[in-house]
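**Q** Contents of query25.tsv (TSV, C-alpha atoms) are below:
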```tsv
chain	number	residue	atom	x	y	z
E	1	MET	CA	0.00	0.00	0.00
E	2	LYS	CA	1.20	3.51	-0.82
E	3	ALA	CA	0.29	6.97	0.43
E	4	LEU	CA	-0.45	10.09	-1.58
E	5	VAL	CA	0.03	13.30	0.40
E	6	LEU	CA	-1.29	16.54	-1.08
E	7	ALA	CA	0.96	19.52	-0.34
E	8	GLY	CA	0.41	21.72	-3.38
E	9	GLY	CA	-2.28	24.14	-2.20
E	10	THR	CA	-1.59	27.86	-2.00
E	11	GLY	CA	-3.18	28.57	1.39
E	12	SER	CA	-5.10	31.71	0.42
E	13	ARG	CA	-7.08	31.68	3.68
E	14	LEU	CA	-3.86	31.89	5.73
E	15	ARG	CA	-2.49	34.96	3.98
E	16	PRO	CA	-0.31	36.89	4.55
E	17	ILE	CA	1.54	34.04	6.33
E	18	THR	CA	1.40	31.88	3.18
E	19	HIS	CA	2.74	34.59	0.90
E	20	THR	CA	6.18	33.48	2.08
E	21	ALA	CA	5.60	29.98	3.47
E	22	ALA	CA	3.80	26.78	2.53
E	23	LYS	CA	0.57	26.40	4.51
E	24	GLN	CA	1.41	22.76	5.24
E	25	LEU	CA	4.57	23.87	7.06
E	26	VAL	CA	2.95	26.33	9.46
E	27	PRO	CA	3.82	24.83	12.86
E	28	VAL	CA	1.47	23.38	15.45
E	29	ALA	CA	3.17	23.09	18.86
E	30	ASN	CA	6.38	24.01	17.01
E	31	LYS	CA	6.11	21.14	14.48
E	32	PRO	CA	4.80	21.61	10.92
E	33	VAL	CA	1.26	20.37	10.33
E	34	LEU	CA	2.49	18.24	7.43
E	35	PHE	CA	4.83	16.28	9.71
E	36	TYR	CA	1.94	14.97	11.80
E	37	GLY	CA	0.35	13.43	8.71
E	38	ILE	CA	3.60	11.85	7.49
E	39	GLU	CA	4.21	10.37	10.94
E	40	ALA	CA	0.67	8.93	11.08
E	41	ILE	CA	1.13	7.31	7.66
E	42	VAL	CA	4.45	5.70	8.63
E	43	ALA	CA	2.97	4.51	11.95
E	44	ALA	CA	0.29	2.71	9.90
E	45	GLY	CA	3.01	0.69	8.18
E	46	ILE	CA	3.18	2.66	4.91
E	47	SER	CA	6.65	3.75	3.84
E	48	GLU	CA	6.18	4.58	0.14
E	49	ILE	CA	4.87	8.14	0.07
E	50	GLY	CA	4.21	10.35	-2.93
E	51	VAL	CA	3.96	14.06	-2.15
E	52	VAL	CA	2.10	16.26	-4.62
E	53	VAL	CA	3.78	19.68	-4.73
E	54	GLY	CA	3.08	22.99	-6.44
E	55	GLU	CA	4.44	26.53	-6.14
E	56	THR	CA	6.04	25.81	-2.75
E	57	ALA	CA	7.76	22.62	-3.95
E	58	GLU	CA	11.28	23.66	-2.95
E	59	GLU	CA	10.21	24.54	0.57
E	60	ILE	CA	8.33	21.25	0.99
E	61	LYS	CA	11.32	19.29	-0.35
E	62	ALA	CA	13.70	21.08	2.00
E	63	ALA	CA	11.50	20.20	4.99
E	64	LEU	CA	10.82	16.54	4.13
E	65	GLY	CA	13.96	15.56	2.25
E	66	ASP	CA	13.98	11.98	0.99
E	67	GLY	CA	11.78	10.88	3.89
E	68	ALA	CA	14.52	8.98	5.75
E	69	ARG	CA	14.02	11.02	8.92
E	70	PHE	CA	10.45	9.70	9.07
E	71	GLY	CA	11.35	6.12	8.12
E	72	ALA	CA	9.83	6.59	4.65
E	73	ARG	CA	10.80	6.94	0.98
E	74	ILE	CA	9.34	10.10	-0.52
E	75	THR	CA	8.75	10.72	-4.22
E	76	TYR	CA	7.76	14.24	-5.30
E	77	LEU	CA	4.99	14.60	-7.88
E	78	PRO	CA	4.76	18.10	-9.42
E	79	GLN	CA	1.35	19.63	-10.07
E	80	GLU	CA	1.49	22.75	-12.23
E	81	ARG	CA	-1.71	24.18	-10.78
E	82	PRO	CA	-3.97	23.07	-7.89
E	83	LEU	CA	-6.81	21.74	-10.05
E	84	GLY	CA	-8.53	19.61	-7.42
E	85	LEU	CA	-8.02	16.49	-5.35
E	86	ALA	CA	-8.97	14.13	-8.17
E	87	HIS	CA	-6.43	15.85	-10.42
E	88	ALA	CA	-3.75	15.01	-7.88
E	89	VAL	CA	-4.76	11.35	-8.19
E	90	PHE	CA	-4.63	11.68	-11.98
E	91	ILE	CA	-1.06	13.00	-12.09
E	92	ALA	CA	0.05	10.33	-9.60
E	93	ARG	CA	-1.38	7.47	-11.70
E	94	ASP	CA	1.91	6.09	-12.98
E	95	TRP	CA	3.58	6.26	-9.57
E	96	LEU	CA	0.65	4.63	-7.77
E	97	GLY	CA	0.40	1.79	-10.27
E	98	ASP	CA	-2.24	-0.77	-9.32
E	99	GLU	CA	-1.65	-0.56	-5.57
E	100	ASP	CA	-4.17	0.46	-2.94
E	101	PHE	CA	-3.39	3.85	-1.42
E	102	VAL	CA	-4.36	6.29	1.27
E	103	MET	CA	-4.76	9.92	0.19
E	104	TYR	CA	-3.96	12.41	2.97
E	105	LEU	CA	-4.47	16.17	2.70
E	106	GLY	CA	-1.31	17.76	4.03
E	107	ASP	CA	-3.04	20.66	5.78
E	108	ASN	CA	-5.54	18.47	7.67
E	109	PHE	CA	-5.03	17.47	11.26
E	110	ILE	CA	-6.44	14.45	13.06
E	111	VAL	CA	-5.60	13.65	16.66
E	112	GLY	CA	-4.52	10.02	16.88
E	113	CYS	CA	-3.35	7.52	14.32
E	114	ILE	CA	-4.86	6.06	11.16
E	115	THR	CA	-3.52	2.56	11.73
E	116	ALA	CA	-6.92	1.00	12.50
E	117	LEU	CA	-8.45	2.57	9.36
E	118	VAL	CA	-5.66	1.23	7.16
E	119	GLU	CA	-5.83	-2.25	8.67
E	120	GLU	CA	-9.60	-2.36	8.21
E	121	PHE	CA	-9.26	-1.34	4.56
E	122	ARG	CA	-6.62	-3.99	3.94
E	123	ALA	CA	-8.83	-6.66	5.51
E	124	GLU	CA	-12.10	-5.74	3.76
E	125	ARG	CA	-10.73	-4.45	0.40
E	126	PRO	CA	-13.57	-2.10	-0.63
E	127	ASP	CA	-13.02	0.12	-3.66
E	128	ALA	CA	-13.05	3.20	-1.45
E	129	ARG	CA	-13.46	4.19	2.17
E	130	ILE	CA	-14.16	7.77	3.18
E	131	MET	CA	-13.86	9.41	6.58
E	132	LEU	CA	-16.76	11.58	7.74
E	133	THR	CA	-17.41	13.85	10.68
E	134	ARG	CA	-20.36	15.98	11.74
E	135	VAL	CA	-19.88	19.73	11.23
E	136	LYS	CA	-21.93	22.86	11.93
E	137	GLU	CA	-21.51	24.36	8.44
E	138	PRO	CA	-21.53	21.46	5.95
E	139	SER	CA	-21.86	23.81	2.97
E	140	LEU	CA	-18.15	24.60	3.41
E	141	PHE	CA	-17.12	20.98	2.78
E	142	GLY	CA	-17.70	17.95	0.63
E	143	VAL	CA	-20.83	16.32	2.07
E	144	ALA	CA	-21.98	12.70	2.08
E	145	GLU	CA	-25.51	11.30	2.35
E	146	LEU	CA	-25.79	7.86	3.93
E	147	GLY	CA	-28.58	5.32	3.69
E	148	PRO	CA	-30.32	3.63	6.64
E	149	ASP	CA	-27.66	0.95	6.92
E	150	GLY	CA	-24.81	3.44	6.56
E	151	GLN	CA	-24.05	2.89	2.88
E	152	VAL	CA	-22.88	5.90	0.85
E	153	ILE	CA	-25.72	7.15	-1.37
E	154	ALA	CA	-24.54	10.50	-2.65
E	155	LEU	CA	-21.71	13.02	-2.36
E	156	GLU	CA	-21.58	16.69	-3.25
E	157	GLU	CA	-18.83	19.29	-3.03
E	158	LYS	CA	-19.69	22.43	-1.03
E	159	PRO	CA	-23.47	22.18	-1.65
E	160	ARG	CA	-25.75	25.18	-1.23
E	161	HIS	CA	-28.36	22.93	0.38
E	162	PRO	CA	-26.52	20.10	2.16
E	163	ARG	CA	-28.33	16.80	2.47
E	164	SER	CA	-26.58	16.00	5.74
E	165	ASP	CA	-24.11	17.40	8.25
E	166	LEU	CA	-21.51	14.74	7.42
E	167	ALA	CA	-18.40	16.34	5.96
E	168	LEU	CA	-15.58	14.45	4.28
E	169	VAL	CA	-12.41	14.46	6.33
E	170	GLY	CA	-9.15	14.86	4.43
E	171	ILE	CA	-8.25	11.15	4.49
E	172	TYR	CA	-9.40	8.73	1.78
E	173	LEU	CA	-8.54	5.10	1.06
E	174	PHE	CA	-8.77	3.78	-2.50
E	175	SER	CA	-8.17	0.71	-4.60
E	176	ALA	CA	-6.90	1.07	-8.16
E	177	ALA	CA	-10.55	1.26	-9.29
E	178	ILE	CA	-10.48	5.00	-8.62
E	179	HIS	CA	-8.19	5.59	-11.61
E	180	ASP	CA	-10.77	4.49	-14.18
E	181	VAL	CA	-13.37	6.98	-12.93
E	182	VAL	CA	-10.87	9.83	-12.46
E	183	ALA	CA	-9.91	9.46	-16.13
E	184	THR	CA	-13.52	10.24	-17.13
E	185	LEU	CA	-13.93	13.39	-15.01
E	186	GLU	CA	-14.42	16.90	-16.30
E	187	PRO	CA	-13.83	20.09	-14.30
E	188	SER	CA	-16.70	21.13	-12.04
E	189	ALA	CA	-18.30	24.59	-11.96
E	190	ARG	CA	-15.43	25.53	-9.60
E	191	GLY	CA	-12.94	24.58	-12.31
E	192	GLU	CA	-11.59	21.62	-10.32
E	193	TRP	CA	-11.53	17.86	-10.68
E	194	GLU	CA	-13.62	16.95	-7.63
E	195	ILE	CA	-12.81	13.81	-5.68
E	196	THR	CA	-16.46	13.77	-4.60
E	197	ASP	CA	-17.46	13.37	-8.26
E	198	ALA	CA	-15.02	10.49	-8.64
E	199	ILE	CA	-16.36	8.69	-5.57
E	200	GLN	CA	-19.93	9.32	-6.76
E	201	LYS	CA	-19.06	7.55	-10.01
E	202	LEU	CA	-17.89	4.56	-7.98
E	203	VAL	CA	-21.22	4.56	-6.14
E	204	ASP	CA	-23.20	4.88	-9.37
E	205	SER	CA	-21.35	1.93	-10.90
E	206	ASP	CA	-22.15	-0.28	-7.87
E	207	ARG	CA	-18.56	-0.38	-6.63
E	208	THR	CA	-18.06	-0.84	-2.90
E	209	VAL	CA	-17.77	2.50	-1.13
E	210	ARG	CA	-17.77	2.44	2.66
E	211	SER	CA	-17.59	5.17	5.25
E	212	THR	CA	-16.37	5.66	8.78
E	213	VAL	CA	-17.84	8.43	10.92
E	214	ILE	CA	-15.11	9.64	13.25
E	215	THR	CA	-15.86	11.32	16.54
E	216	GLY	CA	-12.29	12.33	17.37
E	217	TYR	CA	-10.68	15.66	16.75
E	218	TRP	CA	-10.32	16.80	13.13
E	219	LYS	CA	-9.53	20.19	11.65
E	220	ASP	CA	-8.75	21.62	8.25
E	221	THR	CA	-6.01	24.09	9.23
E	222	GLY	CA	-6.80	26.38	6.30
E	223	ASN	CA	-7.59	29.47	8.37
E	224	VAL	CA	-6.19	31.25	11.41
E	225	ALA	CA	-9.01	30.31	13.81
E	226	ASP	CA	-8.66	26.61	13.05
E	227	MET	CA	-4.87	26.78	13.22
E	228	LEU	CA	-5.02	28.29	16.72
E	229	GLU	CA	-7.56	25.69	17.81
E	230	VAL	CA	-5.40	22.82	16.53
E	231	ASN	CA	-2.42	24.30	18.34
E	232	ARG	CA	-4.47	24.41	21.54
E	233	SER	CA	-5.57	20.81	21.13
E	234	VAL	CA	-2.04	19.49	20.56
E	235	LEU	CA	-0.64	21.45	23.48
E	236	GLU	CA	-3.19	19.80	25.78
E	237	GLY	CA	-1.24	16.58	25.35
E	238	ILE	CA	2.32	17.79	25.97
E	239	GLU	CA	4.46	16.82	28.93
E	240	SER	CA	6.55	19.26	30.93
E	241	CYS	CA	10.19	19.36	29.91
E	242	VAL	CA	12.65	22.10	30.83
E	243	GLU	CA	15.89	21.87	28.86
E	244	GLY	CA	16.58	25.60	28.72
E	245	SER	CA	17.20	27.90	31.68
E	246	VAL	CA	14.55	29.38	33.98
E	247	ASP	CA	15.80	31.87	36.55
E	248	GLU	CA	14.70	31.80	40.18
E	249	THR	CA	12.48	34.86	39.79
E	250	SER	CA	10.39	33.18	37.08
E	251	GLU	CA	7.39	30.90	37.60
E	252	LEU	CA	6.23	27.89	35.58
E	253	ILE	CA	2.65	26.76	36.16
E	254	GLY	CA	1.16	23.71	34.46
E	255	ARG	CA	2.74	21.88	31.53
E	256	ALA	CA	5.48	23.81	29.78
E	257	ARG	CA	8.17	22.66	27.36
E	258	ILE	CA	11.27	24.86	27.34
E	259	ALA	CA	13.65	23.89	24.53
E	260	PRO	CA	17.48	23.86	24.78
E	261	GLY	CA	19.08	27.28	24.64
E	262	ALA	CA	15.88	29.08	25.66
E	263	ARG	CA	16.04	31.53	28.57
E	264	VAL	CA	13.14	32.53	30.79
E	265	GLU	CA	13.92	35.51	33.03
E	266	ARG	CA	11.66	37.41	35.42
E	267	SER	CA	8.64	35.91	33.66
E	268	ARG	CA	5.58	33.74	34.28
E	269	ILE	CA	4.57	30.88	32.01
E	270	VAL	CA	1.19	29.20	32.45
E	271	GLY	CA	0.88	26.08	30.35
E	272	PRO	CA	0.25	24.27	28.27
E	273	ALA	CA	2.87	26.17	26.29
E	274	VAL	CA	6.04	25.51	24.33
E	275	ILE	CA	9.07	27.78	24.01
E	276	GLY	CA	11.46	27.02	21.14
E	277	GLU	CA	15.22	26.84	21.03
E	278	ASN	CA	17.30	29.95	21.77
E	279	CYS	CA	14.29	32.07	22.71
E	280	LEU	CA	14.41	34.83	25.29
E	281	ILE	CA	11.32	35.40	27.45
E	282	LEU	CA	12.01	38.48	29.56
E	283	ASP	CA	9.71	40.35	31.97
E	284	SER	CA	6.73	38.73	30.25
E	285	TYR	CA	3.72	36.49	30.68
E	286	ILE	CA	3.14	33.49	28.38
E	287	GLY	CA	-0.37	32.13	28.80
E	288	PRO	CA	-2.05	28.82	27.95
E	289	SER	CA	-2.24	27.48	24.39
E	290	THR	CA	0.79	29.41	23.17
E	291	SER	CA	3.61	28.17	20.94
E	292	VAL	CA	6.74	30.26	20.51
E	293	ALA	CA	9.07	28.99	17.77
E	294	ASP	CA	12.88	29.08	17.77
E	295	ASP	CA	14.95	32.26	18.10
E	296	CYS	CA	12.12	34.53	19.27
E	297	VAL	CA	12.30	37.35	21.80
E	298	ILE	CA	9.30	38.29	23.95
E	299	SER	CA	10.01	41.15	26.30
E	300	GLY	CA	7.71	43.25	28.47
E	301	SER	CA	4.60	41.65	26.94
E	302	ALA	CA	1.79	39.19	27.63
E	303	VAL	CA	1.02	36.53	25.00
E	304	GLU	CA	-1.79	33.98	25.21
E	305	TYR	CA	-3.58	31.54	22.87
E	306	SER	CA	-1.21	32.39	20.02
E	307	VAL	CA	1.30	30.93	17.60
E	308	ILE	CA	4.53	32.88	17.15
E	309	LEU	CA	6.77	31.76	14.28
E	310	GLN	CA	10.54	31.72	14.11
E	311	ASP	CA	12.81	34.72	14.71
E	312	SER	CA	10.07	37.16	15.74
E	313	ARG	CA	10.24	39.83	18.43
E	314	ILE	CA	7.42	41.12	20.61
E	315	GLU	CA	8.57	43.97	22.82
E	316	ASN	CA	6.55	46.15	25.19
E	317	ALA	CA	3.44	45.25	23.22
E	318	GLY	CA	0.93	44.96	26.05
E	319	ARG	CA	-1.36	41.96	25.73
E	320	VAL	CA	-1.39	39.82	22.56
E	321	GLU	CA	-3.93	36.99	22.24
E	322	GLY	CA	-5.61	34.91	19.55
E	323	SER	CA	-2.81	35.78	17.13
E	324	LEU	CA	-0.77	34.03	14.45
E	325	ILE	CA	2.47	35.95	13.97
E	326	GLY	CA	4.77	35.05	11.07
E	327	ARG	CA	8.51	34.65	10.75
E	328	SER	CA	10.90	37.52	11.49
E	329	VAL	CA	8.08	39.83	12.57
E	330	GLN	CA	8.65	42.77	14.92
E	331	VAL	CA	5.86	43.96	17.19
E	332	LYS	CA	6.86	46.91	19.36
E	333	GLY	CA	4.85	49.10	21.68
E	334	GLU	CA	5.29	52.87	21.86
E	335	GLU	CA	5.84	54.66	25.17
E	336	ARG	CA	3.15	57.18	24.28
E	337	ARG	CA	-0.09	56.53	22.45
E	338	ALA	CA	0.31	57.92	18.97
E	339	HIS	CA	-2.29	60.22	17.43
E	340	ALA	CA	-2.14	58.07	14.30
E	341	HIS	CA	-1.42	54.42	13.62
E	342	ARG	CA	1.67	53.58	11.57
E	343	LEU	CA	1.17	50.31	9.67
E	344	VAL	CA	3.26	48.25	7.25
E	345	LEU	CA	1.02	45.39	6.12
E	346	GLY	CA	1.26	42.68	3.47
E	347	ASP	CA	-1.46	41.77	1.00
E	348	HIS	CA	-4.69	40.35	2.48
E	349	SER	CA	-3.72	41.37	6.04
E	350	GLN	CA	-6.34	41.85	8.73
E	351	VAL	CA	-5.82	44.34	11.56
E	352	ARG	CA	-8.07	45.10	14.51
E	353	ILE	CA	-7.51	48.43	16.26
E	354	ASP	CA	-9.16	49.40	19.52
E	355	LYS	CA	-10.51	52.92	19.39
```
Can you turn what I pasted into structure tokens?

**A**
Amino acid sequence: MKALVLAGGTGSRLRPITHTAAKQLVPVANKPVLFYGIEAIVAAGISEIGVVVGETAEEIKAALGDGARFGARITYLPQERPLGLAHAVFIARDWLGDEDFVMYLGDNFIVGCITALVEEFRAERPDARIMLTRVKEPSLFGVAELGPDGQVIALEEKPRHPRSDLALVGIYLFSAAIHDVVATLEPSARGEWEITDAIQKLVDSDRTVRSTVITGYWKDTGNVADMLEVNRSVLEGIESCVEGSVDETSELIGRARIAPGARVERSRIVGPAVIGENCLILDSYIGPSTSVADDCVISGSAVEYSVILQDSRIENAGRVEGSLIGRSVQVKGEERRAHAHRLVLGDHSQVRIDK
């Protein structure tokens, strides 16, 4: 069995962060989202992994390498444009051959492993198995309608009038039968080759399509709110580990992970929280559900429920919460309140200013 990991999307909903970084590499608890998926695939006994890449191919390749660090062998499959999930299957046809495969969306996050799902697929050998979960706004997702005995009846991508609240999770398992139907697809009204259309063709041709409704934690990390929530969820499971230095005037409460080379001075950290390598936390408060990546400086500030990326500085900034701050960002407070706001913002930025 092989795995097909999709890492070619542009991440428009995470701009401006994704103007300069692949969305699949934005860190959760200081580890890229994509790594969690690769690790879950390898833990399920799959070592042959094809990674579909697009505009951010070089960055993805630099992060994953040949896959040896994960115990895998990675092959990169270029996709000129993100034309849909089924298109990714189409371009991977030769590499996949006639083997069964799991397709994993690189920006999706599921707490726990997929080993049981893979083993069940191997034992039962349906033509497809889809993962579903109940959501509040099904019109934002691919949606499945199930019959009385749980069989898959119909699927639709982002429907205006959803037939159910069961959304497709970003993990699919397929036999080689999927290739025949993908080859017959045409672009949808959205201009994409929809995987929901391909699965519907399997259903219509009486192929075996099964579903599993998961009740665990799943998120599509495509926007800031979901990214922060995933970060919070992962941090709930960390163990305390202090490898850096914490001076005697500082206080650690709850679970906190302080990486080597990090210094905490005259500060208070309330976990769960992680502080990356070579950070300096000075005269500050770090609150729950906060990840601070390597080489950051936080001085004279309070940060809570936030993700701070590498090499950023937050100095005398008052209270910062519910924020995703990119790499090499500087946030500095002024001693006096200015009569006007001075802003340097990238495309698609969002700023909230208290009057």

**Q** Using only C-alpha atoms for the distances, tell me which of E:Leu96, E:Ile60, E:Ala7, E:Ile114 is nearest to Glu39 of chain E.

**A** E:Ile114

**Q** Could you tell me which of E:Lys332, E:Lys158, E:Arg313, E:His179 comes closest to Ile91 of chain E if we count only C-alpha atoms?

**A** E:His179

**Q** With a distance cut-off of 8 Å and all atoms listed in the file, select the neighbouring residues of segment 137-143 of chain E, excluding the residue or stretch itself and same-chain residues fewer than 2 positions from it, and output the selection as number ranges by chain.

**A** E: 135, 145, 155-168, 196

**Q** Between E:Phe90, E:Phe174, E:Tyr36, E:Trp95, which is the closest to Trp193 of chain E once you count only C-alpha atoms?

**A**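 So, comparing all the options, the nearest one is E:Phe90.
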
**Q** Using atom CA of Val203 of chain E and atom CA of Pro148 of chain E as the two end points, give the distance in Å to one decimal.

**A**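 We find that atom CA of Val203 of chain E and atom CA of Pro148 of chain E lie 15.7 Å from each other.
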
**Q** Residues at most 9 Å from Val264 of chain E, counting all atoms listed in the file, excluding those fewer than 2 positions away in the same chain, as a list in words?

**A**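 Here the qualifying residues turn out to be Gly244, Ser245, Val246, Asp247, Ser250, Ile258, Ala262, Arg266, Ser267, Arg268, Ile269, Cys279, Leu280, Ile281, Leu282, Asp283 and Ser284 of chain E.
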
**Q** When you draw a straight line from atom CA of Val307 of chain E to atom CA of Leu324 of chain E, how long is it in Å?

**A**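 Answer for the atom CA of Val307 of chain E to atom CA of Leu324 of chain E separation: 4.9 Å.
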
**Q** Please measure the separation of atom CA of Gly322 of chain E and atom CA of Glu55 of chain E, giving the value in Å to one decimal.

**A** 28.8 Å

**Q** When distances are computed from only C-alpha atoms, which of E:Val33, E:Glu186, E:Gly71, E:Ala22 shows the smallest separation from Val53 of chain E?

**A**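 The answer is E:Ala22, which sits nearest to Val53 of chain E.
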
**Q** Considering all atoms listed in the file, return as a count of residues only whatever protein or nucleic-acid residues lie within 7 Å of segment 230-242 of chain E, sequence-local ones (same chain, fewer than 2 positions apart) excluded.

**A** 15

**Q** Choose the residue, out of E:Asp295, E:Asp127, E:Glu192, E:Glu120, that has the smallest atom-to-atom separation from Pro82 of chain E; count all atoms listed in the file.

**A**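 Checking each candidate against Pro82 of chain E, we get E:Glu192 as the closest.
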
**Q** Can you tell me, as a PyMOL selection string, what residues are no more than 12 Å from Pro126 of chain E when counting all atoms listed in the file, ignoring any on the same chain fewer than 2 positions away?

**A** chain E and resi 100-101+118+120-124+128-130+172-178+202-203+206-211

**Q** Please write as a list in words the list of polymer residues whose atoms come within 6 Å of (-15.3, 10.8, -11.4), counting only C-alpha atoms and keeping to the coordinates of the file.

**A** Val181, Val182, Leu185, Asp197, Ala198 and Lys201 of chain E

**Q** I need the residue nearest Val52 of chain E from this list: E:Gly318, E:Gly106, E:Gly300, E:Gly67. Use all atoms listed in the file for the distance.

**A**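 Looking at the shortest contact to Val52 of chain E, the residue is E:Gly106.
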